[in-house]
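Pasted below: start27.csv, CSV, C-alpha atoms.
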```csv
chain,number,residue,atom,x,y,z
A,1,MET,CA,-40.5,15.0,18.3
A,2,SER,CA,-40.2,14.4,14.6
A,3,THR,CA,-40.5,11.0,13.1
A,4,LEU,CA,-38.3,9.6,10.4
A,5,SER,CA,-41.2,9.8,8.0
A,6,GLU,CA,-41.6,13.6,8.7
A,7,LEU,CA,-37.9,14.3,8.3
A,8,SER,CA,-37.7,12.2,5.2
A,9,SER,CA,-40.6,14.1,3.6
A,10,LYS,CA,-39.0,17.5,4.5
A,11,ALA,CA,-35.6,16.2,3.1
A,12,ASP,CA,-37.3,15.2,-0.1
A,13,TYR,CA,-38.9,18.6,-0.4
A,14,ILE,CA,-35.6,20.5,0.2
A,15,ALA,CA,-33.7,18.3,-2.2
A,16,ASN,CA,-36.4,18.7,-4.9
A,17,ARG,CA,-36.5,22.5,-4.6
A,18,ASN,CA,-32.7,22.6,-4.7
A,19,HIS,CA,-32.6,20.4,-7.8
A,20,GLN,CA,-35.2,22.7,-9.5
A,21,LEU,CA,-33.0,25.7,-8.7
A,22,LYS,CA,-29.9,24.0,-10.1
A,23,SER,CA,-31.9,23.0,-13.2
A,24,GLN,CA,-32.9,26.7,-13.8
A,25,TRP,CA,-29.3,27.7,-13.2
A,26,HIS,CA,-28.0,25.2,-15.8
A,27,ALA,CA,-30.6,26.3,-18.3
A,28,TYR,CA,-29.5,29.9,-17.8
A,29,GLN,CA,-25.8,28.9,-18.2
A,30,ASN,CA,-26.6,27.1,-21.5
A,31,SER,CA,-28.6,30.0,-22.9
A,32,LEU,CA,-25.9,32.5,-22.0
A,33,ILE,CA,-23.0,30.4,-23.3
A,34,GLN,CA,-24.7,29.7,-26.6
A,35,ALA,CA,-25.7,33.3,-27.0
A,36,VAL,CA,-22.3,34.7,-26.2
A,37,ASN,CA,-20.6,32.1,-28.4
A,38,ALA,CA,-22.8,33.2,-31.3
A,39,GLU,CA,-21.7,36.8,-30.9
A,40,ASN,CA,-18.3,36.4,-29.3
A,41,LYS,CA,-16.3,38.2,-32.0
A,42,LYS,CA,-18.5,41.3,-31.9
A,43,ILE,CA,-18.0,41.7,-28.1
A,44,ASN,CA,-14.4,40.2,-27.9
A,45,HIS,CA,-15.5,37.4,-25.6
A,46,ALA,CA,-14.2,33.8,-25.3
A,47,PHE,CA,-15.7,31.1,-23.2
A,48,ILE,CA,-13.4,29.4,-20.8
A,49,PHE,CA,-14.1,26.6,-18.3
A,50,GLY,CA,-14.6,27.9,-14.8
A,51,GLU,CA,-14.1,26.3,-11.5
A,52,GLY,CA,-17.1,24.4,-10.2
A,53,ASP,CA,-20.4,25.6,-11.4
A,54,ASP,CA,-19.6,29.0,-12.7
A,55,ILE,CA,-19.4,30.5,-16.2
A,56,ARG,CA,-16.3,32.3,-17.3
A,57,PHE,CA,-15.5,34.5,-20.2
A,58,THR,CA,-12.3,36.3,-21.2
A,59,LEU,CA,-12.7,39.7,-22.6
A,60,PHE,CA,-10.1,41.0,-25.1
A,61,HIS,CA,-7.9,37.9,-24.3
A,62,HIS,CA,-7.1,39.5,-20.9
A,63,PHE,CA,-10.0,40.1,-18.5
A,64,THR,CA,-11.9,37.3,-16.8
A,65,VAL,CA,-15.6,37.7,-16.0
A,66,LYS,CA,-17.1,35.0,-13.7
A,67,ILE,CA,-20.8,34.4,-13.4
A,68,HIS,CA,-22.1,32.2,-10.6
A,69,LEU,CA,-24.8,31.7,-8.0
A,70,SER,CA,-24.1,33.2,-4.6
A,71,ASP,CA,-22.5,30.7,-2.2
A,72,ASP,CA,-25.5,30.6,0.1
A,73,PHE,CA,-27.6,27.4,0.1
A,74,PHE,CA,-30.6,27.6,-2.2
A,75,SER,CA,-29.5,31.1,-3.3
A,76,HIS,CA,-31.3,32.7,-6.2
A,77,GLU,CA,-28.7,35.5,-6.5
A,78,ILE,CA,-26.5,35.5,-9.6
A,79,LEU,CA,-23.3,37.4,-9.2
A,80,TYR,CA,-21.2,38.9,-12.1
A,81,SER,CA,-17.6,39.3,-11.1
A,82,LEU,CA,-14.4,40.6,-12.7
A,83,ASN,CA,-10.9,39.6,-11.9
A,84,ILE,CA,-9.1,43.0,-11.3
A,85,ALA,CA,-5.8,41.5,-10.4
A,86,PRO,CA,-2.9,42.1,-12.8
A,87,PRO,CA,-1.8,39.0,-14.8
A,88,ALA,CA,1.1,38.2,-12.5
A,89,GLU,CA,-1.0,38.2,-9.3
A,90,PRO,CA,-3.5,35.8,-7.8
A,91,PRO,CA,-7.1,36.3,-9.0
A,92,HIS,CA,-9.1,38.9,-7.2
A,93,PHE,CA,-12.7,38.9,-8.3
A,94,ILE,CA,-15.0,41.8,-7.5
A,95,VAL,CA,-18.8,41.6,-7.9
A,96,PHE,CA,-19.9,44.4,-10.2
A,97,ALA,CA,-23.5,43.3,-10.9
A,98,GLN,CA,-26.1,40.9,-9.7
A,99,ALA,CA,-29.4,39.3,-10.9
A,100,ALA,CA,-32.2,37.2,-9.4
A,101,LEU,CA,-33.0,33.7,-10.7
A,102,SER,CA,-36.7,32.9,-10.2
A,103,ASP,CA,-38.4,29.6,-9.7
A,104,GLU,CA,-40.4,30.3,-12.8
A,105,GLY,CA,-37.4,30.2,-15.1
A,106,ARG,CA,-36.5,33.9,-15.3
A,107,VAL,CA,-33.6,36.1,-14.6
A,108,ASP,CA,-34.7,39.6,-13.6
A,109,GLU,CA,-37.9,39.0,-15.6
A,110,VAL,CA,-36.1,37.6,-18.6
A,111,ILE,CA,-37.1,34.1,-19.7
A,112,ILE,CA,-33.9,32.0,-19.4
A,113,ARG,CA,-34.7,29.9,-22.5
A,114,ASP,CA,-34.8,32.9,-24.7
A,115,LYS,CA,-31.2,33.2,-25.8
A,116,GLN,CA,-31.5,36.7,-27.3
A,117,ALA,CA,-33.2,38.1,-24.2
A,118,VAL,CA,-30.6,36.4,-22.0
A,119,PHE,CA,-27.8,37.9,-24.2
A,120,ASP,CA,-29.3,41.4,-24.0
A,121,HIS,CA,-29.7,41.1,-20.2
A,122,TYR,CA,-26.0,40.0,-20.0
A,123,LEU,CA,-24.9,42.9,-22.2
A,124,ASN,CA,-26.8,45.3,-19.9
A,125,LYS,CA,-25.0,43.8,-16.9
A,126,ILE,CA,-21.5,44.1,-18.4
A,127,SER,CA,-22.0,47.5,-20.0
A,128,ALA,CA,-20.4,49.3,-17.0
A,129,LEU,CA,-17.3,47.2,-17.5
A,130,TYR,CA,-17.0,48.1,-21.2
A,131,GLN,CA,-17.6,51.8,-20.3
A,132,CYS,CA,-14.7,51.6,-17.8
A,133,LEU,CA,-12.4,50.1,-20.3
A,134,TYR,CA,-13.4,52.6,-23.0
A,135,ASP,CA,-13.0,55.6,-20.6
A,136,ALA,CA,-9.5,54.4,-19.6
A,137,LEU,CA,-8.4,54.0,-23.2
A,138,HIS,CA,-10.1,57.1,-24.4
A,139,SER,CA,-8.4,59.3,-21.8
A,140,ASN,CA,-5.1,57.4,-21.6
A,141,GLN,CA,-5.7,56.4,-18.0
A,142,PRO,CA,-4.4,53.3,-16.3
A,143,ILE,CA,-6.9,50.4,-16.9
A,144,TYR,CA,-6.8,48.9,-13.4
A,145,ALA,CA,-7.4,52.2,-11.7
A,146,GLN,CA,-10.4,52.8,-13.9
A,147,LEU,CA,-11.7,49.3,-13.1
A,148,GLU,CA,-11.6,50.1,-9.5
A,149,LYS,CA,-14.4,52.6,-10.2
A,150,LEU,CA,-16.8,49.8,-11.2
A,151,PRO,CA,-19.9,49.8,-9.0
A,152,ARG,CA,-19.6,47.2,-6.3
A,153,ARG,CA,-22.2,45.1,-4.7
A,154,ALA,CA,-22.8,46.1,-1.1
```

How would this structure read if it were set down as structure tokens?
Amino acid sequence: MSTLSELSSKADYIANRNHQLKSQWHAYQNSLIQAVNAENKKINHAFIFGEGDDIRFTLFHHFTVKIHLSDDFFSHEILYSLNIAPPAEPPHFIVFAQAALSDEGRVDEVIIRDKQAVFDHYLNKISALYQCLYDALHSNQPIYAQLEKLPRRA
């Protein structure tokens, strides 16, 4: 049988680890927002306030990209999602990329306090989205049909 002292010690450990993870997540958010805001005109992005603890950008004043931690407790998985619903419909986000947030302050081996590296990592994650949009426009195909071809997370 566990004592109050043992459970309190475990609770402190869990809370401290979760706080560390959230601190890493907030550092990543700050680096990404600052980096994108510095280059937003070049990539047609605009920062918008998300719901809860996510980051959201609009692309070309139309498409919404949401970046957030997975909903699992103490999850290190970052999900990159796109709202594929047409403007008149309720949002329908699909995950098209993912990354791993480490306890050492990295996202997929990128140091989260290095804004340029975070920005380059993000560009790599969203490149498939830009390719879909480009392909649809270049071939005069419907945009939303092309976005359905984005790779999806299993």

Could you check which residues have any atom within 9 Å of (-18.1, 35.7, -11.5), counting only C-alpha atoms with coordinates taken straight from the file, and then list them as a short mmCIF file (atom, residue, chain, number, x, y, z; two decimals) with C-alpha atoms, in the coordinates of the input?
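Result file is selection-v3.cif:
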```
data_model
loop_
_atom_site.label_atom_id
_atom_site.label_comp_id
_atom_site.auth_asym_id
_atom_site.auth_seq_id
_atom_site.Cartn_x
_atom_site.Cartn_y
_atom_site.Cartn_z
CA ASP A 54 -19.60 29.00 -12.70
CA ILE A 55 -19.40 30.50 -16.20
CA ARG A 56 -16.30 32.30 -17.30
CA THR A 64 -11.90 37.30 -16.80
CA VAL A 65 -15.60 37.70 -16.00
CA LYS A 66 -17.10 35.00 -13.70
CA ILE A 67 -20.80 34.40 -13.40
CA HIS A 68 -22.10 32.20 -10.60
CA LEU A 69 -24.80 31.70 -8.00
CA ILE A 78 -26.50 35.50 -9.60
CA LEU A 79 -23.30 37.40 -9.20
CA TYR A 80 -21.20 38.90 -12.10
CA SER A 81 -17.60 39.30 -11.10
CA LEU A 82 -14.40 40.60 -12.70
CA ASN A 83 -10.90 39.60 -11.90
CA PHE A 93 -12.70 38.90 -8.30
CA ILE A 94 -15.00 41.80 -7.50
CA VAL A 95 -18.80 41.60 -7.90
CA PHE A 96 -19.90 44.40 -10.20
#
```

When you look at Ser102 (chain A) with a cut-off of 12 Å (counting only C-alpha atoms), what residues show up, excluding the ones that are within fewer than 5 positions of it in the same chain? I need them as a PyMOL selection string. chain A and resi 17+20-25+28+74-78+107-112

Take the residues that were just selected and, keeping C-alpha atoms, output them as a PDB file, in the coordinates of the input.
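selection-v7.pdb written:
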```pdb
ATOM      1  CA  ARG A  17     -36.500  22.500  -4.600  1.00  0.00           C
ATOM      2  CA  GLN A  20     -35.200  22.700  -9.500  1.00  0.00           C
ATOM      3  CA  LEU A  21     -33.000  25.700  -8.700  1.00  0.00           C
ATOM      4  CA  LYS A  22     -29.900  24.000 -10.100  1.00  0.00           C
ATOM      5  CA  SER A  23     -31.900  23.000 -13.200  1.00  0.00           C
ATOM      6  CA  GLN A  24     -32.900  26.700 -13.800  1.00  0.00           C
ATOM      7  CA  TRP A  25     -29.300  27.700 -13.200  1.00  0.00           C
ATOM      8  CA  TYR A  28     -29.500  29.900 -17.800  1.00  0.00           C
ATOM      9  CA  PHE A  74     -30.600  27.600  -2.200  1.00  0.00           C
ATOM     10  CA  SER A  75     -29.500  31.100  -3.300  1.00  0.00           C
ATOM     11  CA  HIS A  76     -31.300  32.700  -6.200  1.00  0.00           C
ATOM     12  CA  GLU A  77     -28.700  35.500  -6.500  1.00  0.00           C
ATOM     13  CA  ILE A  78     -26.500  35.500  -9.600  1.00  0.00           C
ATOM     14  CA  VAL A 107     -33.600  36.100 -14.600  1.00  0.00           C
ATOM     15  CA  ASP A 108     -34.700  39.600 -13.600  1.00  0.00           C
ATOM     16  CA  GLU A 109     -37.900  39.000 -15.600  1.00  0.00           C
ATOM     17  CA  VAL A 110     -36.100  37.600 -18.600  1.00  0.00           C
ATOM     18  CA  ILE A 111     -37.100  34.100 -19.700  1.00  0.00           C
ATOM     19  CA  ILE A 112     -33.900  32.000 -19.400  1.00  0.00           C
TER      20      ILE A 112
END
```

Atomic separation - CA of Phe60 (chain A) relative to CA of Tyr134 (chain A), Å: 12.2 Å

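When only C-alpha atoms are used to compute distances to Asn30 (chain A), the closest of the residues A:Asp114, A:Pro151, A:Asn16, A:Cys132 turns out to be A:Asp114.
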
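Of the listed residues A:Leu137, A:Leu129, A:Leu147, A:Ala88, the one whose atoms come nearest to Ile43 (chain A) is A:Leu129, with distances taken using all atoms listed in the file.
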
Within 12 Å of (-4.3, 52.7, -13.0) in the file's own coordinates, which protein, DNA or RNA residues have an atom, counting only C-alpha atoms? List them as a PyMOL selection string. chain A and resi 84-86+132-133+135-137+139-149

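Restricting the calculation to only C-alpha atoms, the smallest distance between Val118 (chain A) and any of A:Leu150, A:Leu7, A:Ala46, A:Ala99 is found for A:Ala99.
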
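CA of Asp53 (chain A) to CA of Gln29 (chain A) spans 9.3 Å [interatomic distance, one decimal].
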
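Relative to CA of His121 (chain A), CA of Leu59 (chain A) is found at 17.2 Å.
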
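Minimum atom-to-atom distance to Ile48 (chain A), evaluated using all atoms listed in the file, belongs to A:His61 out of A:Lys125, A:His61, A:Lys10, A:His19.
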
Pick from A:Ile14, A:Leu101, A:Leu123, A:Ala128: nearest to Glu39 (chain A), with all atoms listed in the file counted? A:Leu123

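Minimum distance to Pro91 (chain A) across A:Phe63, A:Asn124, A:Arg106, A:Phe73 (counting only C-alpha atoms) occurs at A:Phe63.
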
What would region 59-80 of chain A look like with N, CA, C and O atoms in place, written as a PDB file, in the frame of the given file?
```pdb
ATOM      1  N   LEU A  59     -12.389  38.589 -21.801  1.00  0.00           N
ATOM      2  CA  LEU A  59     -12.700  39.700 -22.600  1.00  0.00           C
ATOM      3  C   LEU A  59     -11.336  40.252 -23.171  1.00  0.00           C
ATOM      4  O   LEU A  59     -10.384  40.420 -22.393  1.00  0.00           O
ATOM      5  N   PHE A  60     -11.255  40.444 -24.466  1.00  0.00           N
ATOM      6  CA  PHE A  60     -10.100  41.000 -25.100  1.00  0.00           C
ATOM      7  C   PHE A  60      -8.825  40.130 -24.763  1.00  0.00           C
ATOM      8  O   PHE A  60      -7.726  40.654 -24.644  1.00  0.00           O
ATOM      9  N   HIS A  61      -9.021  38.833 -24.591  1.00  0.00           N
ATOM     10  CA  HIS A  61      -7.900  37.900 -24.300  1.00  0.00           C
ATOM     11  C   HIS A  61      -7.180  38.274 -23.017  1.00  0.00           C
ATOM     12  O   HIS A  61      -6.002  37.951 -22.882  1.00  0.00           O
ATOM     13  N   HIS A  62      -7.833  38.981 -22.095  1.00  0.00           N
ATOM     14  CA  HIS A  62      -7.100  39.500 -20.900  1.00  0.00           C
ATOM     15  C   HIS A  62      -7.952  39.415 -19.633  1.00  0.00           C
ATOM     16  O   HIS A  62      -7.501  38.878 -18.640  1.00  0.00           O
ATOM     17  N   PHE A  63      -9.140  40.003 -19.655  1.00  0.00           N
ATOM     18  CA  PHE A  63     -10.000  40.100 -18.500  1.00  0.00           C
ATOM     19  C   PHE A  63     -10.882  38.939 -18.302  1.00  0.00           C
ATOM     20  O   PHE A  63     -11.467  38.489 -19.276  1.00  0.00           O
ATOM     21  N   THR A  64     -11.028  38.454 -17.079  1.00  0.00           N
ATOM     22  CA  THR A  64     -11.900  37.300 -16.800  1.00  0.00           C
ATOM     23  C   THR A  64     -13.154  37.769 -16.078  1.00  0.00           C
ATOM     24  O   THR A  64     -13.067  38.397 -15.019  1.00  0.00           O
ATOM     25  N   VAL A  65     -14.303  37.437 -16.664  1.00  0.00           N
ATOM     26  CA  VAL A  65     -15.600  37.700 -16.000  1.00  0.00           C
ATOM     27  C   VAL A  65     -16.115  36.319 -15.558  1.00  0.00           C
ATOM     28  O   VAL A  65     -16.093  35.341 -16.299  1.00  0.00           O
ATOM     29  N   LYS A  66     -16.561  36.275 -14.312  1.00  0.00           N
ATOM     30  CA  LYS A  66     -17.100  35.000 -13.700  1.00  0.00           C
ATOM     31  C   LYS A  66     -18.553  35.297 -13.344  1.00  0.00           C
ATOM     32  O   LYS A  66     -18.880  36.313 -12.736  1.00  0.00           O
ATOM     33  N   ILE A  67     -19.420  34.355 -13.719  1.00  0.00           N
ATOM     34  CA  ILE A  67     -20.800  34.400 -13.400  1.00  0.00           C
ATOM     35  C   ILE A  67     -21.191  33.193 -12.606  1.00  0.00           C
ATOM     36  O   ILE A  67     -20.909  32.070 -13.047  1.00  0.00           O
ATOM     37  N   HIS A  68     -21.783  33.389 -11.435  1.00  0.00           N
ATOM     38  CA  HIS A  68     -22.100  32.200 -10.600  1.00  0.00           C
ATOM     39  C   HIS A  68     -23.194  32.573  -9.604  1.00  0.00           C
ATOM     40  O   HIS A  68     -23.518  33.741  -9.383  1.00  0.00           O
ATOM     41  N   LEU A  69     -23.773  31.514  -9.060  1.00  0.00           N
ATOM     42  CA  LEU A  69     -24.800  31.700  -8.000  1.00  0.00           C
ATOM     43  C   LEU A  69     -24.017  32.052  -6.717  1.00  0.00           C
ATOM     44  O   LEU A  69     -22.890  31.593  -6.489  1.00  0.00           O
ATOM     45  N   SER A  70     -24.655  32.847  -5.890  1.00  0.00           N
ATOM     46  CA  SER A  70     -24.100  33.200  -4.600  1.00  0.00           C
ATOM     47  C   SER A  70     -23.832  31.848  -3.834  1.00  0.00           C
ATOM     48  O   SER A  70     -24.478  30.832  -4.083  1.00  0.00           O
ATOM     49  N   ASP A  71     -22.887  31.871  -2.924  1.00  0.00           N
ATOM     50  CA  ASP A  71     -22.500  30.700  -2.200  1.00  0.00           C
ATOM     51  C   ASP A  71     -23.529  30.182  -1.188  1.00  0.00           C
ATOM     52  O   ASP A  71     -23.405  29.081  -0.662  1.00  0.00           O
ATOM     53  N   ASP A  72     -24.527  30.996  -0.890  1.00  0.00           N
ATOM     54  CA  ASP A  72     -25.500  30.600   0.100  1.00  0.00           C
ATOM     55  C   ASP A  72     -26.326  29.387  -0.432  1.00  0.00           C
ATOM     56  O   ASP A  72     -26.561  29.256  -1.628  1.00  0.00           O
ATOM     57  N   PHE A  73     -26.742  28.523   0.478  1.00  0.00           N
ATOM     58  CA  PHE A  73     -27.600  27.400   0.100  1.00  0.00           C
ATOM     59  C   PHE A  73     -28.883  27.872  -0.456  1.00  0.00           C
ATOM     60  O   PHE A  73     -29.508  28.768   0.097  1.00  0.00           O
ATOM     61  N   PHE A  74     -29.296  27.329  -1.573  1.00  0.00           N
ATOM     62  CA  PHE A  74     -30.600  27.600  -2.200  1.00  0.00           C
ATOM     63  C   PHE A  74     -30.637  29.129  -2.614  1.00  0.00           C
ATOM     64  O   PHE A  74     -31.692  29.739  -2.607  1.00  0.00           O
ATOM     65  N   SER A  75     -29.503  29.705  -2.949  1.00  0.00           N
ATOM     66  CA  SER A  75     -29.500  31.100  -3.300  1.00  0.00           C
ATOM     67  C   SER A  75     -29.991  31.287  -4.738  1.00  0.00           C
ATOM     68  O   SER A  75     -29.654  30.534  -5.644  1.00  0.00           O
ATOM     69  N   HIS A  76     -30.788  32.319  -4.925  1.00  0.00           N
ATOM     70  CA  HIS A  76     -31.300  32.700  -6.200  1.00  0.00           C
ATOM     71  C   HIS A  76     -30.541  33.873  -6.823  1.00  0.00           C
ATOM     72  O   HIS A  76     -30.880  34.372  -7.882  1.00  0.00           O
ATOM     73  N   GLU A  77     -29.512  34.301  -6.125  1.00  0.00           N
ATOM     74  CA  GLU A  77     -28.700  35.500  -6.500  1.00  0.00           C
ATOM     75  C   GLU A  77     -27.600  35.082  -7.460  1.00  0.00           C
ATOM     76  O   GLU A  77     -26.738  34.283  -7.106  1.00  0.00           O
ATOM     77  N   ILE A  78     -27.605  35.667  -8.653  1.00  0.00           N
ATOM     78  CA  ILE A  78     -26.500  35.500  -9.600  1.00  0.00           C
ATOM     79  C   ILE A  78     -25.574  36.647  -9.484  1.00  0.00           C
ATOM     80  O   ILE A  78     -26.003  37.807  -9.460  1.00  0.00           O
ATOM     81  N   LEU A  79     -24.285  36.343  -9.385  1.00  0.00           N
ATOM     82  CA  LEU A  79     -23.300  37.400  -9.200  1.00  0.00           C
ATOM     83  C   LEU A  79     -22.393  37.430 -10.482  1.00  0.00           C
ATOM     84  O   LEU A  79     -21.995  36.393 -11.016  1.00  0.00           O
ATOM     85  N   TYR A  80     -22.095  38.638 -10.916  1.00  0.00           N
ATOM     86  CA  TYR A  80     -21.200  38.900 -12.100  1.00  0.00           C
ATOM     87  C   TYR A  80     -19.966  39.541 -11.501  1.00  0.00           C
ATOM     88  O   TYR A  80     -20.040  40.621 -10.912  1.00  0.00           O
TER      89      TYR A  80
END
```
